[in-house]
$ cat work_8.txt   # compact mmCIF, C-alpha atoms
# COMPACT_ATOMS: atom_id res chain seq x y z
CA PRO W 21 80.05 117.01 286.84
CA ARG W 22 80.82 117.23 283.11
CA PHE W 23 82.65 119.98 281.31
CA ARG W 24 83.35 120.68 277.70
CA GLU W 25 86.81 121.30 276.46
CA ALA W 26 86.67 123.00 273.12
CA THR W 27 89.38 122.70 270.55
CA ASP W 28 90.05 125.02 267.71
CA ASN W 29 91.74 122.29 265.69
CA SER W 30 90.85 123.11 262.14
CA ASN W 31 91.46 119.58 261.00
CA CYS W 32 89.09 118.04 263.57
CA GLY W 33 86.57 120.93 263.56
CA GLY W 34 84.66 119.78 266.72
CA GLU W 35 84.81 119.61 270.51
CA VAL W 36 85.76 116.85 272.92
CA VAL W 37 83.55 115.93 275.90
CA VAL W 38 85.26 114.21 278.87
CA ASP W 39 84.45 113.28 282.48
CA ALA W 40 86.22 115.15 285.22
CA GLU W 41 87.64 111.92 286.68
CA LEU W 42 89.31 111.12 283.36
CA VAL W 43 91.01 114.47 282.90
CA ALA W 44 94.25 113.12 284.30
CA HIS W 45 93.99 109.72 282.56
CA PRO W 46 97.12 108.85 280.53
CA VAL W 47 95.12 107.97 277.42
CA LEU W 48 93.38 111.34 277.56
CA GLU W 49 96.67 113.10 277.97
CA MET W 50 97.94 111.29 274.89
CA ALA W 51 94.84 112.33 272.97
CA LYS W 52 95.43 115.95 273.94
CA VAL W 53 98.96 115.74 272.60
CA VAL W 54 97.66 114.26 269.34
CA LEU W 55 95.05 117.01 269.00
CA ALA W 56 97.62 119.67 269.79
CA GLU W 57 99.95 118.41 267.12
CA ALA W 58 97.21 118.07 264.54
CA ASN W 59 97.65 121.65 263.37
CA ASN W 60 101.29 120.95 262.56
CA VAL W 61 100.54 117.97 260.32
CA HIS W 62 101.26 118.64 256.66
CA VAL W 63 100.21 116.61 253.64
CA SER W 64 103.15 114.53 252.38
CA GLU W 65 104.78 115.45 249.10
CA PRO W 66 103.66 112.29 247.25
CA VAL W 67 100.08 112.92 248.26
CA LYS W 68 100.31 116.57 247.32
CA ASN W 69 101.67 115.60 243.91
CA ALA W 70 99.28 112.71 243.34
CA PHE W 71 96.77 114.82 241.46
CA ASP W 72 99.45 116.40 239.30
CA THR W 73 100.85 112.97 238.53
CA MET W 74 97.45 111.74 237.39
CA GLN W 75 97.01 114.84 235.25
CA ASN W 76 100.43 114.43 233.65
CA ARG W 77 100.11 110.71 233.06
CA LYS W 78 98.18 111.11 229.85
CA SER W 79 100.53 113.73 228.48
CA LYS W 80 103.58 111.58 229.33
CA HIS W 81 101.99 108.62 227.59
CA ALA W 82 101.39 110.73 224.51
CA ILE W 83 105.05 111.85 224.52
CA TYR W 84 106.17 108.23 224.83
CA VAL W 85 104.07 107.19 221.86
CA PHE W 86 105.36 110.12 219.81
CA CYS W 87 108.98 109.21 220.58
CA CYS W 88 108.37 105.60 219.55
CA ILE W 89 106.86 106.73 216.25
CA LEU W 90 109.77 109.12 215.65
CA ILE W 91 112.32 106.36 216.28
CA CYS W 92 110.50 104.03 213.88
CA ILE W 93 110.46 106.68 211.16
CA THR W 94 114.18 107.35 211.66
CA VAL W 95 115.03 103.65 211.38
CA ILE W 96 112.93 103.28 208.22
CA LEU W 97 114.51 106.33 206.56
CA SER W 98 118.04 105.21 207.49
CA THR W 99 117.40 101.75 206.07
CA ALA W 100 116.02 103.23 202.85
CA ILE W 101 119.04 105.53 202.44
CA ILE W 102 121.48 102.65 202.97
CA PHE W 103 119.57 100.44 200.53
CA LEU W 104 119.47 103.12 197.83
CA GLY W 105 123.15 103.84 198.34
CA ARG W 106 123.96 100.24 197.48
CA GLN W 107 122.09 100.26 194.20
CA GLN W 108 124.17 99.75 191.12
CA PRO W 109 124.99 102.87 189.08
CA SER W 110 123.52 103.39 185.65
CA ASN W 111 125.27 101.88 182.65
CA SER W 112 124.96 105.09 180.67
CA LEU W 113 128.08 107.21 180.16
CA GLU W 114 128.18 110.46 178.29
CA GLU W 115 130.20 110.37 175.08
CA GLY W 116 133.39 112.38 175.32
CA THR W 117 133.69 112.06 179.10
CA GLU W 118 137.09 110.93 180.32
CA TYR W 119 137.28 108.05 182.79
CA SER W 120 140.19 106.52 184.61
CA ILE W 121 141.29 103.11 183.32
CA THR W 122 144.46 102.73 185.37
CA PRO W 123 144.45 99.23 186.87
CA SER W 124 145.74 98.43 190.34
CA PHE W 125 149.21 96.88 190.35
CA ALA W 126 149.41 96.50 194.11
CA PRO W 127 149.71 92.99 195.58
CA THR W 128 146.78 90.79 194.65
CA THR W 129 143.62 91.62 196.58
CA LEU W 130 141.04 89.15 197.82
CA SER W 131 138.66 90.01 194.95
CA GLU W 132 141.42 89.46 192.38
CA LYS W 133 142.23 86.08 193.88
CA TRP W 134 138.56 85.15 193.78
CA LEU W 135 138.27 86.19 190.13
CA ILE W 136 141.38 84.26 189.12
CA GLU W 137 140.01 81.17 190.85
CA GLN W 138 136.73 81.49 188.92
CA ILE W 139 138.24 81.64 185.44
CA ASN W 140 141.72 80.17 185.84
CA ASP W 141 140.85 76.66 184.64
CA LEU W 142 139.28 78.11 181.48
CA LEU W 143 142.35 80.12 180.48
CA PRO W 144 145.22 79.04 178.24
CA LEU W 145 148.16 77.59 180.20
CA SER W 146 150.35 80.56 179.29
CA SER W 147 147.77 82.94 180.74
CA GLN W 148 147.54 80.94 183.96
CA ALA W 149 151.30 81.24 184.38
CA ALA W 150 151.17 84.99 183.65
CA MET W 151 148.88 85.67 186.61
CA GLY W 152 151.91 85.77 188.89
CA ASP W 153 153.37 88.72 186.98
CA PHE W 154 151.79 92.03 187.98
CA GLU W 155 153.01 93.64 184.74
CA SER W 156 151.51 91.04 182.42
CA PRO W 157 148.50 91.93 180.23
CA GLN W 158 146.61 89.06 181.84
CA TYR W 159 147.07 90.33 185.37
CA LYS W 160 146.29 93.92 184.33
CA ALA W 161 143.04 92.64 182.80
CA ILE W 162 142.14 90.88 186.05
CA ALA W 163 142.96 94.01 188.06
CA TRP W 164 140.67 96.04 185.80
CA LEU W 165 137.85 93.50 185.70
CA GLN W 166 137.65 92.98 189.47
CA LYS W 167 136.70 96.65 189.89
CA ASP W 168 133.48 96.11 187.94
CA ARG W 169 130.60 96.48 190.42
CA LYS W 170 128.40 94.20 188.35
CA LEU W 171 130.97 91.43 188.07
CA LEU W 172 129.04 89.02 190.27
CA TYR W 173 125.98 89.34 188.02
CA TYR W 174 127.78 88.40 184.79
CA PRO W 175 127.42 84.92 183.32
CA MET W 176 130.78 83.19 182.91
CA GLU W 177 130.69 83.74 179.14
CA ARG W 178 130.56 87.50 179.49
CA MET W 179 133.11 87.54 182.28
CA LEU W 180 135.56 85.74 180.00
CA GLN W 181 134.68 88.03 177.10
CA ARG W 182 135.51 91.18 179.06
CA TYR W 183 138.69 89.60 180.38
CA ALA W 184 139.81 88.58 176.86
CA LEU W 185 139.18 92.05 175.42
CA ALA W 186 141.03 93.73 178.28
CA THR W 187 143.98 91.37 177.90
CA PHE W 188 144.08 92.12 174.16
CA TYR W 189 143.96 95.86 174.93
CA PHE W 190 146.91 95.79 177.33
CA ALA W 191 148.90 93.34 175.16
CA THR W 192 148.67 95.67 172.15
CA SER W 193 149.83 98.78 174.04
CA GLY W 194 146.46 100.37 174.63
CA PRO W 195 145.97 103.22 175.28
CA ASP W 196 149.56 104.48 174.91
CA LYS W 197 150.04 103.65 171.23
CA TRP W 198 146.48 103.24 170.01
CA ALA W 199 145.37 106.00 167.65
CA VAL W 200 141.80 105.78 168.97
CA SER W 201 140.69 103.89 172.06
CA LYS W 202 137.27 105.43 172.53
CA PHE W 203 135.22 103.63 175.19
CA TRP W 204 137.72 100.77 175.58
CA LEU W 205 137.71 99.75 179.26
CA THR W 206 135.63 102.84 180.15
CA HIS W 207 132.14 102.18 178.81
CA PRO W 208 130.30 99.52 180.86
CA ASP W 209 129.08 97.75 177.70
CA GLU W 210 131.98 96.31 175.71
CA CYS W 211 129.72 96.07 172.66
CA ASN W 212 130.05 99.85 172.33
CA TRP W 213 133.84 99.92 172.35
CA TYR W 214 135.60 101.54 169.40
CA THR W 215 135.91 99.73 166.09
CA THR W 216 137.21 100.85 162.68
CA SER W 217 134.37 99.06 160.90
CA ASP W 218 131.11 100.66 159.83
CA ARG W 219 129.25 98.61 162.43
CA THR W 220 127.77 100.38 165.41
CA SER W 221 128.55 97.43 167.67
CA ILE W 222 131.24 94.77 167.83
CA CYS W 223 128.68 92.28 169.23
CA ASN W 224 125.89 90.21 167.80
CA ALA W 225 122.28 90.34 168.96
CA ASP W 226 123.15 88.16 171.97
CA GLY W 227 125.75 90.62 173.25
CA LEU W 228 128.72 88.42 172.28
CA VAL W 229 131.71 89.83 170.38
CA SER W 230 131.53 88.76 166.76
CA HIS W 231 133.58 91.46 164.98
CA LEU W 232 136.95 92.78 166.09
CA GLU W 233 138.22 95.29 163.54
CA LEU W 234 140.93 97.84 164.38
CA LYS W 235 142.73 98.55 161.14
CA GLU W 236 145.53 101.17 161.14
CA ASN W 237 144.94 102.01 164.76
CA GLY W 238 148.49 101.92 166.12
CA LEU W 239 148.25 98.53 167.78
CA TYR W 240 151.71 97.40 168.88
CA GLY W 241 152.73 94.14 170.52
CA SER W 242 151.70 90.52 170.36
CA LEU W 243 148.29 88.93 170.17
CA PRO W 244 147.58 87.07 173.42
CA GLU W 245 146.24 83.54 173.36
CA ASP W 246 143.33 84.79 175.45
CA ILE W 247 141.68 86.15 172.33
CA SER W 248 140.63 82.56 171.65
CA LEU W 249 138.11 82.97 174.50
CA LEU W 250 136.05 85.05 172.05
CA SER W 251 134.60 81.85 170.71
CA ILE W 252 132.12 83.22 168.15
CA LEU W 253 134.35 85.76 166.40
CA GLU W 254 133.36 85.98 162.74
CA VAL W 255 135.61 88.82 161.59
CA ILE W 256 139.09 89.84 162.79
CA ASP W 257 140.87 92.68 161.02
CA PHE W 258 144.06 94.12 162.51
CA GLY W 259 145.56 95.20 159.22
CA SER W 260 148.32 97.83 159.06
CA ASN W 261 149.32 97.53 162.72
CA SER W 262 152.55 96.41 164.36
CA LEU W 263 151.47 93.05 165.74
CA VAL W 264 153.09 89.65 166.03
CA GLY W 265 151.54 86.32 166.85
CA GLU W 266 149.11 83.94 165.29
$ encode --input "work_8.txt" --output "structure tokens"
Amino acid sequence: PRFREATDNSNCGGEVVVDAELVAHPVLEMAKVVLAEANNVHVSEPVKNAFDTMQNRKSKHAIYVFCCILICITVILSTAIIFLGRQQPSNSLEEGTEYSITPSFAPTTLSEKWLIEQINDLLPLSSQAAMGDFESPQYKAIAWLQKDRKLLYYPMERMLQRYALATFYFATSGPDKWAVSKFWLTHPDECNWYTTSDRTSICNADGLVSHLELKENGLYGSLPEDISLLSILEVIDFGSNSLVGE
């Protein structure tokens, strides 16, 4: 005879039909155990979270893209700030503003050595020898000139011109004894440095010093040979000062 053994397993939701002779069969017993344990089976955590993972995948992708864009913007802005910070300052200086002109008299720096190497062969022999003396007008001129941020952009002619004027300034006791030293070694354009002439500039149209006039201005000392580097000088007037030299 046949009998029906019903199961209330909610996961299976049906009934099992068996023969009486098979009730004690080991396979059937195993099946009963499986059916009995079915109610205790729980969905694993990865499976339970699978749907949530799929739902969140798009939002996580969007966050990833946003972060990448934010990083790119940060890098671009940082690069721009660094680049702008390295730009050269304006040449314009307000009249009447005081600026430091004290040169560095510490042991020769790398930039000073480089500058001396660039112009040394073009200098008078006496000036070459003076480079070893930190108190010499020549070395003070080098110490001042090497601080110029635009030095590397100057043609050799202008580099020598600025050096020669600075050497002349220190050799004639500027600024200590000069009556007026307006803009000397402070204004970035040497053509605008003070002169006692009626000219508005000591340079010609090419930016080269052509007039050096400082009458009755308290100059004291000796004229350095370096002034010969101002090769196109047309007018020199140092009258009524305390100078020696040719």
$ atom_distance --input "work_8.txt" --atom1 "CA of Ala186 (chain W)" --atom2 "CA of Leu205 (chain W)"
6.9 Å
$ residues_around --input "work_8.txt" --residues "Ser242 (chain W)" --least-positions-apart "5" --cutoff "10 Å" --atoms "all atoms listed in the file" --output "PyMOL selection string"
chain W and resi 188+190-193+262-266
$ write_last_selection --input "work_8.txt" --atoms "C-alpha atoms" --output "JSON list (two decimals), in the frame of the given file"
[["chain", "number", "residue", "atom", "x", "y", "z"],
["W", 188, "PHE", "CA", 144.08, 92.12, 174.16],
["W", 190, "PHE", "CA", 146.91, 95.79, 177.33],
["W", 191, "ALA", "CA", 148.90, 93.34, 175.16],
["W", 192, "THR", "CA", 148.67, 95.67, 172.15],
["W", 193, "SER", "CA", 149.83, 98.78, 174.04],
["W", 262, "SER", "CA", 152.55, 96.41, 164.36],
["W", 263, "LEU", "CA", 151.47, 93.05, 165.74],
["W", 264, "VAL", "CA", 153.09, 89.65, 166.03],
["W", 265, "GLY", "CA", 151.54, 86.32, 166.85],
["W", 266, "GLU", "CA", 149.11, 83.94, 165.29]]
$ closest_residue --input "work_8.txt" --among "W:Glu236, W:Asp246, W:Glu132, W:Asp226" --to "Lys167 (chain W)" --atoms "all atoms listed in the file"
W:Glu132
$ atom_distance --input "work_8.txt" --atom1 "CA of Leu250 (chain W)" --atom2 "CA of Ile139 (chain W)"
14.0 Å
$ residues_around --input "work_8.txt" --residues "Ala184 (chain W)" --least-positions-apart "6" --cutoff "9 Å" --atoms "only C-alpha atoms" --output "compact mmCIF listing (two decimals) with C-alpha atoms, in the frame of the given file"
# COMPACT_ATOMS: atom_id res chain seq x y z
CA GLN W 158 146.61 89.06 181.84
CA ALA W 161 143.04 92.64 182.80
CA PRO W 244 147.58 87.07 173.42
CA GLU W 245 146.24 83.54 173.36
CA ASP W 246 143.33 84.79 175.45
CA ILE W 247 141.68 86.15 172.33
CA SER W 248 140.63 82.56 171.65
CA LEU W 249 138.11 82.97 174.50
CA LEU W 250 136.05 85.05 172.05
$ atom_distance --input "work_8.txt" --atom1 "CA of Ile252 (chain W)" --atom2 "CA of Trp204 (chain W)"
19.9 Å
$ closest_residue --input "work_8.txt" --among "W:Asn140, W:Asn261, W:Gln166, W:Gln148" --to "Leu239 (chain W)" --atoms "only C-alpha atoms"
W:Asn261
$ axis_aligned_box --input "work_8.txt" --around "region 240-243 of chain W" --padding-each-side "5 Å" --output "JSON"
{"center_x": 150.5, "center_y": 93.2, "center_z": 169.7, "size_x": 14.4, "size_y": 18.5, "size_z": 11.6}
$ residues_around --input "work_8.txt" --residues "Gln138 (chain W)" --least-positions-apart "6" --cutoff "12 Å" --atoms "all atoms listed in the file" --output "list in words"
Ser131, Glu132, Gln148, Ile162, Gln166, Leu171, Leu172, Pro175, Met176, Glu177, Met179, Leu180 and Tyr183 of chain W
$ closest_residue --input "work_8.txt" --among "W:Leu142, W:Leu228, W:Ser217, W:Ala163" --to "Arg178 (chain W)" --atoms "all atoms listed in the file"
W:Leu228
$ closest_residue --input "work_8.txt" --among "W:Asp168, W:Asp153, W:Glu254, W:Asp209" --to "Leu232 (chain W)" --atoms "all atoms listed in the file"
W:Glu254
